[in-house]
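Structure file data_32.pdb with PDB, C-alpha atoms and all ligand atoms:
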```
ATOM      1  CA  MET H   1     166.096 -40.744  35.114
ATOM      2  CA  LYS H   2     167.923 -43.665  36.680
ATOM      3  CA  LEU H   3     170.212 -46.272  35.171
ATOM      4  CA  VAL H   4     169.570 -49.772  36.495
ATOM      5  CA  PHE H   5     172.533 -52.156  36.116
ATOM      6  CA  ALA H   6     171.459 -55.760  36.633
ATOM      7  CA  ILE H   7     173.989 -58.589  36.549
ATOM      8  CA  VAL H   8     172.003 -61.706  35.749
ATOM      9  CA  ASN H   9     173.081 -65.355  35.619
ATOM     10  CA  GLY H  10     173.572 -66.565  32.027
ATOM     11  CA  ASP H  11     170.828 -69.174  32.485
ATOM     12  CA  ASP H  12     168.233 -66.520  33.322
ATOM     13  CA  SER H  13     169.224 -63.879  30.814
ATOM     14  CA  GLN H  14     166.799 -64.917  28.040
ATOM     15  CA  ALA H  15     163.847 -64.927  30.422
ATOM     16  CA  VAL H  16     164.809 -61.511  31.849
ATOM     17  CA  SER H  17     165.280 -60.098  28.374
ATOM     18  CA  LYS H  18     161.853 -61.273  27.201
ATOM     19  CA  ALA H  19     160.120 -60.076  30.365
ATOM     20  CA  LEU H  20     161.652 -56.581  30.141
ATOM     21  CA  LEU H  21     160.467 -56.259  26.566
ATOM     22  CA  LYS H  22     157.009 -57.625  27.383
ATOM     23  CA  ASN H  23     156.666 -55.020  30.125
ATOM     24  CA  GLY H  24     157.651 -52.194  27.805
ATOM     25  CA  PHE H  25     161.172 -51.525  29.089
ATOM     26  CA  PHE H  26     164.040 -50.574  26.794
ATOM     27  CA  ALA H  27     167.283 -52.346  27.662
ATOM     28  CA  THR H  28     170.830 -52.962  26.497
ATOM     29  CA  LYS H  29     172.524 -56.294  27.172
ATOM     30  CA  LEU H  30     176.261 -56.612  27.702
ATOM     31  CA  ALA H  31     178.034 -59.978  27.803
ATOM     32  CA  SER H  32     179.935 -60.015  31.092
ATOM     33  CA  THR H  33     181.927 -62.396  33.249
ATOM     34  CA  GLY H  34     181.888 -62.776  37.016
ATOM     35  CA  SER H  35     185.389 -62.782  38.431
ATOM     36  CA  PHE H  36     184.655 -65.520  40.986
ATOM     37  CA  LEU H  37     183.058 -68.245  38.861
ATOM     38  CA  SER H  38     184.648 -66.948  35.624
ATOM     39  CA  SER H  39     181.461 -67.916  33.875
ATOM     40  CA  GLY H  40     179.337 -65.813  31.626
ATOM     41  CA  ASN H  41     176.624 -63.588  32.976
ATOM     42  CA  THR H  42     174.656 -60.815  31.355
ATOM     43  CA  THR H  43     174.610 -57.192  32.439
ATOM     44  CA  PHE H  44     171.368 -55.413  31.592
ATOM     45  CA  LEU H  45     171.405 -51.613  31.402
ATOM     46  CA  THR H  46     167.952 -50.112  31.661
ATOM     47  CA  CYS H  47     167.450 -46.375  31.769
ATOM     48  CA  VAL H  48     164.034 -45.453  33.155
ATOM     49  CA  GLU H  49     162.122 -42.640  34.826
ATOM     50  CA  ASP H  50     162.602 -42.642  38.605
ATOM     51  CA  HIS H  51     159.088 -43.911  39.293
ATOM     52  CA  ARG H  52     159.637 -47.047  37.132
ATOM     53  CA  VAL H  53     162.777 -48.285  38.901
ATOM     54  CA  ASP H  54     160.903 -50.583  41.286
ATOM     55  CA  ALA H  55     158.887 -52.030  38.410
ATOM     56  CA  VAL H  56     162.078 -52.915  36.487
ATOM     57  CA  ILE H  57     163.561 -54.544  39.561
ATOM     58  CA  ASP H  58     160.366 -56.550  40.146
ATOM     59  CA  VAL H  59     160.515 -57.922  36.583
ATOM     60  CA  ILE H  60     164.170 -58.897  36.975
ATOM     61  CA  ARG H  61     163.562 -60.456  40.391
ATOM     62  CA  GLU H  62     160.702 -62.555  39.072
ATOM     63  CA  LYS H  63     162.827 -64.076  36.290
ATOM     64  CA  SER H  64     166.127 -64.599  38.164
ATOM     65  CA  HIS H  65     166.326 -67.661  40.362
ATOM     66  CA  LYS H  66     168.747 -68.212  43.225
ATOM     67  CA  ARG H  67     170.311 -71.670  43.330
ATOM     68  CA  LYS H  68     173.347 -73.480  44.748
ATOM     69  CA  GLU H  69     176.257 -74.586  42.567
ATOM     70  CA  PHE H  70     179.476 -76.452  43.330
ATOM     71  CA  VAL H  71     182.620 -74.906  41.864
ATOM     72  CA  PRO H  72     186.312 -75.877  42.146
ATOM     73  CA  SER H  73     187.833 -74.072  45.088
ATOM     74  CA  GLY H  74     191.172 -73.537  43.369
ATOM     75  CA  THR H  75     192.982 -74.663  46.562
ATOM     76  CA  GLY H  76     194.385 -77.960  45.264
ATOM     77  CA  MET H  77     197.890 -76.706  46.085
ATOM     78  CA  GLY H  78     199.294 -78.488  43.042
ATOM     79  CA  MET H  79     198.421 -81.943  44.421
ATOM     80  CA  GLY H  80     195.706 -82.642  41.882
ATOM     81  CA  MET H  81     192.985 -82.250  44.509
ATOM     82  CA  ASP H  82     190.631 -79.378  44.010
ATOM     83  CA  PHE H  83     187.817 -79.479  46.537
ATOM     84  CA  PRO H  84     184.486 -78.144  45.303
ATOM     85  CA  VAL H  85     182.867 -75.380  47.295
ATOM     86  CA  GLU H  86     179.183 -74.557  47.310
ATOM     87  CA  VAL H  87     178.207 -71.052  46.247
ATOM     88  CA  GLU H  88     174.820 -69.482  45.731
ATOM     89  CA  VAL H  89     174.328 -68.234  42.191
ATOM     90  CA  GLY H  90     171.458 -66.759  40.316
ATOM     91  CA  GLY H  91     169.249 -64.014  41.496
ATOM     92  CA  ALA H  92     170.459 -60.692  40.216
ATOM     93  CA  THR H  93     172.922 -58.131  41.508
ATOM     94  CA  ILE H  94     171.460 -54.708  40.904
ATOM     95  CA  PHE H  95     172.942 -51.198  41.106
ATOM     96  CA  VAL H  96     170.937 -48.039  40.458
ATOM     97  CA  THR H  97     172.596 -44.729  39.588
ATOM     98  CA  ASP H  98     171.394 -41.257  38.649
ATOM     99  CA  VAL H  99     171.468 -40.239  34.991
ATOM    100  CA  GLU H 100     172.311 -36.577  34.415
ATOM    101  CA  ARG H 101     171.117 -36.507  30.868
ATOM    102  CA  PHE H 102     169.305 -38.881  28.506
ATOM    103  CA  ASP H 103     169.182 -38.146  24.759
ATOM    104  CA  LYS H 104     168.338 -40.060  21.616
ATOM    105  CA  VAL H 105     169.772 -38.147  18.687
TER     106      VAL H 105
HETATM  107  P1  LIG W 201     180.841 -64.006  40.195
HETATM  108  O1  LIG W 201     181.937 -63.059  40.549
HETATM  109  O2  LIG W 201     181.146 -65.110  39.247
HETATM  110  O3  LIG W 201     180.278 -64.609  41.588
HETATM  111  C1  LIG W 201     179.365 -65.713  41.626
HETATM  112  C2  LIG W 201     178.951 -66.042  43.051
HETATM  113  O4  LIG W 201     180.111 -66.472  43.792
HETATM  114  C3  LIG W 201     178.423 -64.820  43.827
HETATM  115  O5  LIG W 201     177.019 -64.675  43.550
HETATM  116  C4  LIG W 201     178.730 -65.199  45.257
HETATM  117  O6  LIG W 201     177.768 -66.123  45.762
HETATM  118  C5  LIG W 201     180.060 -65.938  45.123
HETATM  119  N1  LIG W 201     181.188 -65.007  45.314
HETATM  120  C6  LIG W 201     181.660 -64.111  44.423
HETATM  121  N2  LIG W 201     182.704 -63.409  44.915
HETATM  122  C7  LIG W 201     182.894 -63.905  46.167
HETATM  123  C8  LIG W 201     183.837 -63.600  47.189
HETATM  124  N3  LIG W 201     184.791 -62.634  47.024
HETATM  125  N4  LIG W 201     183.760 -64.313  48.334
HETATM  126  C9  LIG W 201     182.811 -65.275  48.507
HETATM  127  N5  LIG W 201     181.884 -65.619  47.570
HETATM  128  C10 LIG W 201     181.929 -64.935  46.416
HETATM  129  P2  LIG W 201     176.379 -63.211  43.538
HETATM  130  O7  LIG W 201     176.807 -62.434  44.769
HETATM  131  O8  LIG W 201     174.916 -63.423  43.323
HETATM  132  O9  LIG W 201     177.006 -62.443  42.291
HETATM  133  C11 LIG W 201     176.702 -62.822  40.964
HETATM  134  C12 LIG W 201     177.554 -62.013  39.999
HETATM  135  O10 LIG W 201     177.213 -60.630  40.154
HETATM  136  C13 LIG W 201     179.059 -62.097  40.280
HETATM  137  O11 LIG W 201     179.590 -63.212  39.590
HETATM  138  C14 LIG W 201     179.576 -60.762  39.729
HETATM  139  O12 LIG W 201     179.667 -60.829  38.301
HETATM  140  C15 LIG W 201     178.414 -59.825  40.041
HETATM  141  N6  LIG W 201     178.598 -59.101  41.320
HETATM  142  C16 LIG W 201     178.155 -59.492  42.534
HETATM  143  N7  LIG W 201     178.462 -58.561  43.469
HETATM  144  C17 LIG W 201     179.121 -57.557  42.810
HETATM  145  C18 LIG W 201     179.676 -56.304  43.211
HETATM  146  N8  LIG W 201     179.647 -55.896  44.528
HETATM  147  N9  LIG W 201     180.260 -55.521  42.275
HETATM  148  C19 LIG W 201     180.293 -55.906  40.972
HETATM  149  N10 LIG W 201     179.789 -57.088  40.528
HETATM  150  C20 LIG W 201     179.195 -57.908  41.435
HETATM  151  P1  LIG W 202     166.216 -46.944  20.018
HETATM  152  O1  LIG W 202     165.192 -46.422  20.989
HETATM  153  O2  LIG W 202     166.922 -45.903  19.176
HETATM  154  O3  LIG W 202     167.304 -47.761  20.846
HETATM  155  C1  LIG W 202     168.484 -48.257  20.263
HETATM  156  C2  LIG W 202     169.226 -49.136  21.259
HETATM  157  O4  LIG W 202     169.622 -48.282  22.377
HETATM  158  C3  LIG W 202     168.363 -50.244  21.844
HETATM  159  O5  LIG W 202     168.459 -51.407  21.021
HETATM  160  C4  LIG W 202     168.997 -50.442  23.208
HETATM  161  O6  LIG W 202     170.181 -51.244  23.093
HETATM  162  C5  LIG W 202     169.472 -49.024  23.580
HETATM  163  N1  LIG W 202     168.500 -48.306  24.428
HETATM  164  C6  LIG W 202     167.535 -47.470  24.019
HETATM  165  N2  LIG W 202     166.859 -46.972  25.060
HETATM  166  C7  LIG W 202     167.420 -47.489  26.161
HETATM  167  C8  LIG W 202     167.157 -47.352  27.561
HETATM  168  N3  LIG W 202     166.165 -46.579  28.029
HETATM  169  N4  LIG W 202     167.929 -48.060  28.423
HETATM  170  C9  LIG W 202     168.924 -48.856  27.962
HETATM  171  N5  LIG W 202     169.228 -49.019  26.672
HETATM  172  C10 LIG W 202     168.468 -48.355  25.769
HETATM  173  P2  LIG W 202     167.231 -52.391  20.891
HETATM  174  O7  LIG W 202     166.758 -52.851  22.265
HETATM  175  O8  LIG W 202     167.634 -53.479  19.955
HETATM  176  O9  LIG W 202     166.037 -51.553  20.259
HETATM  177  C11 LIG W 202     166.019 -51.152  18.891
HETATM  178  C12 LIG W 202     164.824 -50.266  18.616
HETATM  179  O10 LIG W 202     163.604 -51.007  18.850
HETATM  180  C13 LIG W 202     164.757 -49.056  19.539
HETATM  181  O11 LIG W 202     165.540 -47.989  19.037
HETATM  182  C14 LIG W 202     163.251 -48.753  19.534
HETATM  183  O12 LIG W 202     162.886 -48.046  18.363
HETATM  184  C15 LIG W 202     162.653 -50.157  19.485
HETATM  185  N6  LIG W 202     162.349 -50.670  20.828
HETATM  186  C16 LIG W 202     163.198 -51.290  21.681
HETATM  187  N7  LIG W 202     162.590 -51.639  22.830
HETATM  188  C17 LIG W 202     161.321 -51.240  22.706
HETATM  189  C18 LIG W 202     160.175 -51.312  23.575
HETATM  190  N8  LIG W 202     160.235 -51.874  24.802
HETATM  191  N9  LIG W 202     159.004 -50.772  23.121
HETATM  192  C19 LIG W 202     158.935 -50.197  21.905
HETATM  193  N10 LIG W 202     159.972 -50.113  21.034
HETATM  194  C20 LIG W 202     161.140 -50.622  21.435
END
```
Represent the structure of the file as structure tokens.
Ligand code: 2BA
Ligand code: 2BA
Amino acid sequence: MKLVFAIVNGDDSQAVSKALLKNGFFATKLASTGSFLSSGNTTFLTCVEDHRVDAVIDVIREKSHKRKEFVPSGTGMGMGMDFPVEVEVGGATIFVTDVERFDKV
């Protein structure tokens, strides 16, 4: 078994959640916060058999959209000027790890 961690932009989390369910995947959602934008994202934990990992990732990829956003740079140096910087958000950041044991008791 593998555990797929997927950090998904808050705006895409409903669509990802529905698509995982529709495709028969079990998942757990954790409310999370990115340290850079300090805005909410959702971390999906999905534990699946090894051969289903690519299928989970395909579902998440299909429902997560990359886009550009302007955010305050935090470099106003106390002068009241905080220049916005463009960052790419959306898409999903995915980690896959081995699971030693999987039980439902
Ligand atoms: P945030 O930390 O809020 O980051 C949002 C976006 O800001 C990032 O999008 C990236 O484009 C930019 N960014 C973040 N940290 C940066 C840095 N140190 N320098 C320059 N630009 C930076 P994504 O890369 O798509 O990441 C989206 C979210 O996924 C992140 O939200 C964070 O919660 C998570 N994440 C991304 N990479 C990670 C990693 N290596 N480990 C753990 N969490 C990660
Ligand atoms: P359980 O299978 O006992 O799962 C209880 C909770 O444990 C789930 O809550 C989910 O948060 C987590 N979980 C279970 N298996 C997981 C896995 N492989 N990876 C990550 N997290 C996992 P819910 O999602 O609210 O599901 C509640 C109950 O609804 C489940 O109880 C199961 O009986 C049913 N269920 C959930 N997803 C299903 C699906 N795709 N197909 C059929 N039944 C589903």
Could you list, as a list of chain:residue names, all residues that come within 8 Å of ligand LIG 201 (chain W)? Count only C-alpha atoms and all ligand atoms. H:Ile7, H:Val8, H:Asn9, H:Ser32, H:Thr33, H:Gly34, H:Ser35, H:Phe36, H:Leu37, H:Ser38, H:Ser39, H:Gly40, H:Asn41, H:Lys66, H:Val87, H:Glu88, H:Val89, H:Gly90, H:Gly91, H:Ala92, H:Thr93
To one decimal in Å, tell me the separation between atom C18 of ligand LIG 202 (chain W) and CA of Ala31 (chain H). 20.3 Å
Centre and edge lengths of an axis-aligned box around all listed atoms of ligand LIG 202 (chain W), with 5 Å added on each side, are to be given in Å to one decimal, as AutoDock Vina command-line options.
```
--center_x 164.6 --center_y -49.7 --center_z 23.4 --size_x 21.2 --size_y 17.6 --size_z 20.1
```
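Going from atom N5 of ligand LIG 202 (chain W) over to CA of Thr46 (chain H), you cover 5.3 Å.
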Shortest interatomic distance to Asp54 (chain H) - which of H:Asp12, H:Ala27, H:Pro84, H:Val4, counting all atoms listed in the file: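 Under the stated criterion, the closest residue is H:Val4.
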Selection result of the PyMOL selection byres (((not hetatm)) within 9 of (chain W and resi 202)) on this file, as a list in words: Leu3, Val4, Leu20, Leu21, Lys22, Asn23, Gly24, Phe25, Phe26, Ala27, Thr28, Lys29, Phe44, Leu45, Thr46, Cys47, Val48, Glu49, Phe102, Lys104 and Val105 of chain H
What separation in Å, quoted to one decimal, exists between CA of Asp82 (chain H) and CA of Lys68 (chain H)? 18.3 Å
Explicit residues for the PyMOL selection byres (((chain H and resi 60) around 9) and not hetatm) (as a list in words): Ala6, Val8, Ala15, Val16, Ser17, Ala19, Leu20, Ala55, Val56, Ile57, Asp58, Val59, Arg61, Glu62, Lys63, Ser64, Gly91 and Ala92 of chain H
When you count all atoms listed in the file, which of these residues is closest to Thr42 (chain H): H:Glu100, H:Glu69, H:Phe83, H:Ile94?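 Using all atoms listed in the file, the shortest distance to Thr42 (chain H) belongs to H:Ile94.
Minimum atom-to-atom distances from H:Gln14, H:Thr97, H:Thr43, H:Ser73 to Met1 (chain H) were compared using only C-alpha atoms, and the lowest value belongs to H:Thr97.
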So which one's closest to His51 (chain H), H:Val71, H:Val85, H:Lys2, H:His65? Using only C-alpha atoms, please. H:Lys2
Would you mind telling me which residue in H:Gly10, H:Asp98, H:Phe5, H:Glu86 lies nearest to Pro72 (chain H) when using all atoms listed in the file?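 Of H:Gly10, H:Asp98, H:Phe5, H:Glu86, the one nearest Pro72 (chain H), counting all atoms listed in the file, is H:Glu86.
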